[in-house]
Amino acid sequence: MMFATSALRSALPRASSAAAAARSFGSTSPSSAKVAVLGATGGIGQPLSLLCKLSEEVDVLSCYDVVGTPGVAADLSHIPTRATTTGSLPSQGVWPPRSNEGLGEALTGADVVVIPAGVPRKPGMTRDDLFNTNASIVKTLVEGCAEFCPEAVLAVISNPVNSTVPIAAEVLKKAGVYDPKKLCGVTTLDVIRANAFVSANRGTDPTETNVTVIGGHAGITILPLLSQVPGANFTQEDLDALTHRVQFGGDEVVKAKAGAGSATLSMAYAGYLFTENVLKALRGEEGVIQCAFVESELTEASFFASPVKFGKGGVEEVLPFGELSEYERGWYEKMMPDLKKQIQKGIDFVNQ
């Protein structure tokens with residue numbers, strides 16, 4: 001899967017080259033790449049926007065939130081990289097009512113829309129506890145995407161991803177613009193956590209570790225396939241500890257922050273990695289494969305996270321996740337009822 005070993009270094013600004021200037025995107029994308037970050041002033045949104053500003057894959061960075069985006073955009077604009085930066089707020093209410101012009105400005109022409117908007121978890125909260133607030137936020141923002149950038153790839157970070165991605169799908173279906181190739185839930189954080197934890201356990205280079213993580217993006221629906229780590233021979237104790245830590249790594253951060261937030265910096269980095277890889281695929285780079293929560297026929301769940309090959313049109317192929325060990329099969333059987341229930345909750349929210 002495509003997580004470059006020098007991914008962090010590649011985010012740093014470098015002199016532009018003729019080859020970079022001559023980039024050509026797919027038929028649905030302009031010659032320059034625009035990324036819109038919805039929720040750009042939040043704990044995830046600000047560092048995510050910073051990383052996107054540093055990326056050579058981004059030409060236009062559009063920041064949107066309900067407060068503070070002009071300031072964030074102005075701050076980012078002082079960084080001397082290729083990306084130009086804008087910051088938009090919701091337009092004032094008017095009569096007769098009309099479209100949110102601030103959101104429209106942020107979204108028009110976007111190739112990738114990243115959505116970290118919503119409230120963070122606090123100690124004792126599950127991702128599902130966030131549902132009522134974040135479901136409405138995602139619904140409203142995706143309605144804007146359907147209106148202003150129906151061909152953009154949507155990368156949903158807002159939790160609970162197992163429900164918010166189906167919400168987005170239903171909204172796009174109602175608008176008549178749903179394309180399963182263009183809708184993804186970002187589960188990259190589960191992958192980079194697994195990479196970090198496994199490499200620490202084995203004493204190996206984390207930049208050379210790549211663990212496939214399947215299922216969903218909440219608790220026991222997260223399943224790292226440790227049996228597929230090359231050369232690994234984990235004890236049962238290690239399997240239990242690593243699997244649990246990947247599944248509940250978010251709780252570890254929430255508790256450590258003691259009420260001051262959830263995983264923001266690591267999630268921002270994961271969102272940046274995902275976005276940059278999608279942009280590389282959109283401009284024609286071959287072999288871009290990363291895990292994502294997408295519409296899938298691999299299992300009985302209508303959405304499922306597995307390795308996905310990306311291309312010029314977004315999701316090019318949902319790849320099989322390989323053979324499961326007996327241990328992983330047990331977790332798989334445990335996860336499916338919860339995952340299907342969480343997906344259905346999102347579908348019902350839009351259609352109630």
# chains A, B, ... in the order shown; residues from 1 in each chain; ligands from 1
$ closest_atom_pairs --of "stretch 126-217 of chain A" --to "stretch 297-317 of chain A" --cutoff "6 Å" --atoms "only C-alpha atoms" --output "CSV"
residue,atom,partner,partner_atom,distance
A:Lys181,CA,A:Val315,CA,4.4
A:Lys182,CA,A:Gly314,CA,5.5
A:Ile214,CA,A:Ser306,CA,4.8
A:Gly215,CA,A:Ala305,CA,4.8
A:Gly216,CA,A:Ala305,CA,5.6
$ residues_around --residues "stretch 221-231 of chain A" --least-positions-apart "2" --cutoff "8 Å" --atoms "only C-alpha atoms" --output "PyMOL selection string"
chain A and resi 190-191+194+210-219+233+239+243+246-247+324-325+328+331-332+335-336+338-339
$ write_last_selection --atoms "C-alpha atoms" --output "PDB file, in the first residue's frame"
ATOM      1  CA  ASP A 190      -5.986   2.972  12.008  1.00  0.00           C
ATOM      2  CA  VAL A 191      -3.244   1.980   9.560  1.00  0.00           C
ATOM      3  CA  ALA A 194      -0.966  -0.198  13.551  1.00  0.00           C
ATOM      4  CA  ASN A 210       2.507  -1.401   6.439  1.00  0.00           C
ATOM      5  CA  VAL A 211      -0.310  -3.199   8.241  1.00  0.00           C
ATOM      6  CA  THR A 212      -3.588  -3.852   6.435  1.00  0.00           C
ATOM      7  CA  VAL A 213      -6.526  -2.778   8.615  1.00  0.00           C
ATOM      8  CA  ILE A 214     -10.041  -3.792   7.573  1.00  0.00           C
ATOM      9  CA  GLY A 215     -13.641  -3.391   8.733  1.00  0.00           C
ATOM     10  CA  GLY A 216     -14.744  -0.004   9.981  1.00  0.00           C
ATOM     11  CA  HIS A 217     -13.438   2.882  12.066  1.00  0.00           C
ATOM     12  CA  ALA A 218     -14.765   2.347  15.576  1.00  0.00           C
ATOM     13  CA  GLY A 219     -13.765  -0.020  18.359  1.00  0.00           C
ATOM     14  CA  ASN A 233       5.518 -14.141  14.697  1.00  0.00           C
ATOM     15  CA  LEU A 239      -1.794 -10.306  19.371  1.00  0.00           C
ATOM     16  CA  THR A 243      -5.256  -5.663  18.327  1.00  0.00           C
ATOM     17  CA  VAL A 246      -5.246  -0.407  17.401  1.00  0.00           C
ATOM     18  CA  GLN A 247      -8.983  -0.760  18.013  1.00  0.00           C
ATOM     19  CA  LEU A 324      -7.684 -14.333   7.818  1.00  0.00           C
ATOM     20  CA  SER A 325      -6.097 -16.269  10.635  1.00  0.00           C
ATOM     21  CA  GLU A 328      -8.733 -12.637  13.033  1.00  0.00           C
ATOM     22  CA  TRP A 331     -12.768 -10.739  15.522  1.00  0.00           C
ATOM     23  CA  TYR A 332     -14.337 -10.549  12.067  1.00  0.00           C
ATOM     24  CA  MET A 335     -17.405  -6.978  14.240  1.00  0.00           C
ATOM     25  CA  MET A 336     -19.959  -7.586  11.501  1.00  0.00           C
ATOM     26  CA  ASP A 338     -21.956  -3.869  14.983  1.00  0.00           C
ATOM     27  CA  LEU A 339     -20.675  -2.591  11.649  1.00  0.00           C
TER      28      LEU A 339
END
$ closest_residue --among "A:Val156, A:Leu76, A:Val171, A:Leu48" --to "A:Asn134" --atoms "only C-alpha atoms"
A:Val156
$ atom_distance --atom1 "atom CA of A:Leu273" --atom2 "atom CA of A:Gln342"
25.8 Å
$ atom_distance --atom1 "atom CA of A:Ser158" --atom2 "atom CA of A:Val350"
16.2 Å
$ atom_distance --atom1 "atom CA of A:Ala168" --atom2 "atom CA of A:Ile220"
22.8 Å
$ closest_atom_pairs --of "stretch 245-271 of chain A" --to "stretch 117-121 of chain A" --cutoff "12 Å" --atoms "only C-alpha atoms" --output "Markdown table"
| residue | atom | partner | partner_atom | distance |
| --- | --- | --- | --- | --- |
| A:Gly250 | CA | A:Arg121 | CA | 9.1 |
| A:Asp251 | CA | A:Arg121 | CA | 8.9 |
| A:Glu252 | CA | A:Arg121 | CA | 11.7 |
| A:Val253 | CA | A:Arg121 | CA | 10.1 |
| A:Val254 | CA | A:Arg121 | CA | 7.1 |
| A:Lys255 | CA | A:Arg121 | CA | 10.1 |
| A:Lys257 | CA | A:Arg121 | CA | 10.7 |
| A:Ala258 | CA | A:Arg121 | CA | 10.9 |
| A:Gly259 | CA | A:Arg121 | CA | 8.4 |
| A:Ala260 | CA | A:Arg121 | CA | 9.3 |
| A:Gly261 | CA | A:Pro120 | CA | 6.1 |
| A:Ser262 | CA | A:Arg121 | CA | 5.7 |
| A:Ala263 | CA | A:Pro120 | CA | 8.5 |
| A:Thr264 | CA | A:Pro120 | CA | 8.9 |
| A:Met267 | CA | A:Pro120 | CA | 11.7 |
| A:Ala268 | CA | A:Ala117 | CA | 12.0 |
$ closest_residue --among "A:Ala152, A:Gln46, A:Leu54, A:Met125" --to "A:Leu282" --atoms "only C-alpha atoms"
A:Ala152
$ select_by_dssp --residues "stretch 41-247 of chain A" --states "helix (DSSP H, G or I)" --output "MDAnalysis selection string"
chainID A and resid 45:54 69:77 101:107 127:148 161:174 180:182 188:202 206:208 219:221 226:228 236:247
$ select_by_dssp --residues "stretch 162-308 of chain A" --states "strand (DSSP E)" --output "ChimeraX atom specification"
/A:183-185,213-215,222-224,288-295,303-308
$ write_last_selection --atoms "C-alpha atoms" --output "PDB file, in the first residue's frame"
ATOM      1  CA  LEU A 183     -16.941   8.627  -1.611  1.00  0.00           C
ATOM      2  CA  CYS A 184     -14.489   7.379   1.014  1.00  0.00           C
ATOM      3  CA  GLY A 185     -14.244   7.173   4.752  1.00  0.00           C
ATOM      4  CA  VAL A 213      -6.526  -2.778   8.615  1.00  0.00           C
ATOM      5  CA  ILE A 214     -10.041  -3.792   7.573  1.00  0.00           C
ATOM      6  CA  GLY A 215     -13.641  -3.391   8.733  1.00  0.00           C
ATOM      7  CA  ILE A 222     -11.326  -2.089  13.408  1.00  0.00           C
ATOM      8  CA  LEU A 223      -9.374  -5.235  12.568  1.00  0.00           C
ATOM      9  CA  PRO A 224      -5.605  -5.117  11.966  1.00  0.00           C
ATOM     10  CA  VAL A 288      -1.824   4.041  -5.473  1.00  0.00           C
ATOM     11  CA  ILE A 289      -3.313   1.593  -2.981  1.00  0.00           C
ATOM     12  CA  GLN A 290      -4.496   2.503   0.505  1.00  0.00           C
ATOM     13  CA  CYS A 291      -7.131   1.278   2.924  1.00  0.00           C
ATOM     14  CA  ALA A 292     -10.430   3.163   2.891  1.00  0.00           C
ATOM     15  CA  PHE A 293     -14.032   2.693   4.032  1.00  0.00           C
ATOM     16  CA  VAL A 294     -15.982   2.483   0.780  1.00  0.00           C
ATOM     17  CA  GLU A 295     -19.027   0.878  -0.792  1.00  0.00           C
ATOM     18  CA  PHE A 303     -19.535  -0.400   3.295  1.00  0.00           C
ATOM     19  CA  PHE A 304     -16.257  -1.901   4.380  1.00  0.00           C
ATOM     20  CA  ALA A 305     -12.647  -0.811   4.839  1.00  0.00           C
ATOM     21  CA  SER A 306     -10.073  -2.762   2.875  1.00  0.00           C
ATOM     22  CA  PRO A 307      -7.199  -2.034   0.493  1.00  0.00           C
ATOM     23  CA  VAL A 308      -8.449   0.142  -2.360  1.00  0.00           C
TER      24      VAL A 308
END
$ residues_around --residues "A:Asp75" --least-positions-apart "5" --cutoff "10 Å" --atoms "only C-alpha atoms" --output "PyMOL selection string"
chain A and resi 50+69-70+85
$ residues_around --residues "stretch 144-146 of chain A" --least-positions-apart "5" --cutoff "10 Å" --atoms "only C-alpha atoms" --output "list in words"
Ser99, Asn100, Glu101, Leu103, Gly104, Ala106, Leu107, Thr108, Ala110, Val113, Val138, Lys139, Glu151, Ala152, Val153, Leu154, Ala168, Val171, Leu172, Lys173, Lys174, Ala175, Gly176, Val177 and Tyr178 of chain A
$ write_last_selection --atoms "N, CA and C atoms" --output "PDB file, in the first residue's frame"
ATOM      1  N   SER A  99     -28.614  29.493  -1.694  1.00  0.00           N
ATOM      2  CA  SER A  99     -27.504  28.620  -1.330  1.00  0.00           C
ATOM      3  C   SER A  99     -26.489  29.349  -0.457  1.00  0.00           C
ATOM      4  N   ASN A 100     -25.791  28.585   0.360  1.00  0.00           N
ATOM      5  CA  ASN A 100     -24.722  29.113   1.200  1.00  0.00           C
ATOM      6  C   ASN A 100     -23.559  29.507   0.293  1.00  0.00           C
ATOM      7  N   GLU A 101     -23.430  30.804   0.021  1.00  0.00           N
ATOM      8  CA  GLU A 101     -22.412  31.254  -0.926  1.00  0.00           C
ATOM      9  C   GLU A 101     -21.001  31.037  -0.400  1.00  0.00           C
ATOM     10  N   LEU A 103     -19.988  28.487   1.495  1.00  0.00           N
ATOM     11  CA  LEU A 103     -19.690  27.082   1.240  1.00  0.00           C
ATOM     12  C   LEU A 103     -19.493  26.849  -0.251  1.00  0.00           C
ATOM     13  N   GLY A 104     -20.309  27.494  -1.061  1.00  0.00           N
ATOM     14  CA  GLY A 104     -20.177  27.353  -2.505  1.00  0.00           C
ATOM     15  C   GLY A 104     -18.826  27.824  -3.004  1.00  0.00           C
ATOM     16  N   ALA A 106     -16.065  27.840  -1.313  1.00  0.00           N
ATOM     17  CA  ALA A 106     -15.053  26.880  -0.872  1.00  0.00           C
ATOM     18  C   ALA A 106     -15.047  25.628  -1.734  1.00  0.00           C
ATOM     19  N   LEU A 107     -16.214  25.186  -2.185  1.00  0.00           N
ATOM     20  CA  LEU A 107     -16.335  23.893  -2.849  1.00  0.00           C
ATOM     21  C   LEU A 107     -16.225  23.940  -4.369  1.00  0.00           C
ATOM     22  N   THR A 108     -16.612  25.032  -4.978  1.00  0.00           N
ATOM     23  CA  THR A 108     -16.639  25.084  -6.441  1.00  0.00           C
ATOM     24  C   THR A 108     -15.249  24.802  -7.017  1.00  0.00           C
ATOM     25  N   ALA A 110     -13.534  22.047  -6.586  1.00  0.00           N
ATOM     26  CA  ALA A 110     -12.705  21.175  -5.753  1.00  0.00           C
ATOM     27  C   ALA A 110     -12.554  19.795  -6.387  1.00  0.00           C
ATOM     28  N   VAL A 113     -12.532  16.886  -1.416  1.00  0.00           N
ATOM     29  CA  VAL A 113     -13.112  17.578  -0.264  1.00  0.00           C
ATOM     30  C   VAL A 113     -12.872  16.716   0.964  1.00  0.00           C
ATOM     31  N   VAL A 138     -22.482  16.631   8.883  1.00  0.00           N
ATOM     32  CA  VAL A 138     -22.055  15.975   7.652  1.00  0.00           C
ATOM     33  C   VAL A 138     -23.148  16.040   6.593  1.00  0.00           C
ATOM     34  N   LYS A 139     -24.374  15.834   6.996  1.00  0.00           N
ATOM     35  CA  LYS A 139     -25.491  15.896   6.044  1.00  0.00           C
ATOM     36  C   LYS A 139     -25.525  17.255   5.345  1.00  0.00           C
ATOM     37  N   GLU A 151     -18.588  16.134  -8.610  1.00  0.00           N
ATOM     38  CA  GLU A 151     -17.622  15.170  -9.139  1.00  0.00           C
ATOM     39  C   GLU A 151     -16.374  15.054  -8.271  1.00  0.00           C
ATOM     40  N   ALA A 152     -16.330  15.775  -7.163  1.00  0.00           N
ATOM     41  CA  ALA A 152     -15.151  15.715  -6.289  1.00  0.00           C
ATOM     42  C   ALA A 152     -15.111  14.401  -5.522  1.00  0.00           C
ATOM     43  N   VAL A 153     -13.913  13.983  -5.161  1.00  0.00           N
ATOM     44  CA  VAL A 153     -13.751  12.854  -4.246  1.00  0.00           C
ATOM     45  C   VAL A 153     -13.957  13.375  -2.828  1.00  0.00           C
ATOM     46  N   LEU A 154     -14.861  12.760  -2.091  1.00  0.00           N
ATOM     47  CA  LEU A 154     -15.136  13.165  -0.716  1.00  0.00           C
ATOM     48  C   LEU A 154     -14.406  12.237   0.236  1.00  0.00           C
ATOM     49  N   ALA A 168     -23.535  10.350   3.932  1.00  0.00           N
ATOM     50  CA  ALA A 168     -23.105  11.059   2.726  1.00  0.00           C
ATOM     51  C   ALA A 168     -23.636  10.377   1.475  1.00  0.00           C
ATOM     52  N   VAL A 171     -27.357  11.145   1.012  1.00  0.00           N
ATOM     53  CA  VAL A 171     -27.552  12.538   0.596  1.00  0.00           C
ATOM     54  C   VAL A 171     -27.241  12.692  -0.888  1.00  0.00           C
ATOM     55  N   LEU A 172     -26.144  12.113  -1.331  1.00  0.00           N
ATOM     56  CA  LEU A 172     -25.759  12.211  -2.732  1.00  0.00           C
ATOM     57  C   LEU A 172     -26.757  11.480  -3.638  1.00  0.00           C
ATOM     58  N   LYS A 173     -27.287  10.349  -3.147  1.00  0.00           N
ATOM     59  CA  LYS A 173     -28.304   9.625  -3.916  1.00  0.00           C
ATOM     60  C   LYS A 173     -29.549  10.490  -4.099  1.00  0.00           C
ATOM     61  N   LYS A 174     -29.973  11.143  -3.023  1.00  0.00           N
ATOM     62  CA  LYS A 174     -31.167  11.997  -3.106  1.00  0.00           C
ATOM     63  C   LYS A 174     -30.968  13.140  -4.093  1.00  0.00           C
ATOM     64  N   ALA A 175     -29.717  13.596  -4.203  1.00  0.00           N
ATOM     65  CA  ALA A 175     -29.413  14.689  -5.127  1.00  0.00           C
ATOM     66  C   ALA A 175     -29.163  14.181  -6.545  1.00  0.00           C
ATOM     67  N   GLY A 176     -29.130  12.864  -6.719  1.00  0.00           N
ATOM     68  CA  GLY A 176     -28.926  12.286  -8.037  1.00  0.00           C
ATOM     69  C   GLY A 176     -27.493  12.345  -8.533  1.00  0.00           C
ATOM     70  N   VAL A 177     -26.523  12.462  -7.609  1.00  0.00           N
ATOM     71  CA  VAL A 177     -25.123  12.595  -8.035  1.00  0.00           C
ATOM     72  C   VAL A 177     -24.212  11.577  -7.349  1.00  0.00           C
ATOM     73  N   TYR A 178     -24.777  10.527  -6.777  1.00  0.00           N
ATOM     74  CA  TYR A 178     -23.941   9.568  -6.055  1.00  0.00           C
ATOM     75  C   TYR A 178     -23.082   8.749  -7.002  1.00  0.00           C
TER      76      TYR A 178
END
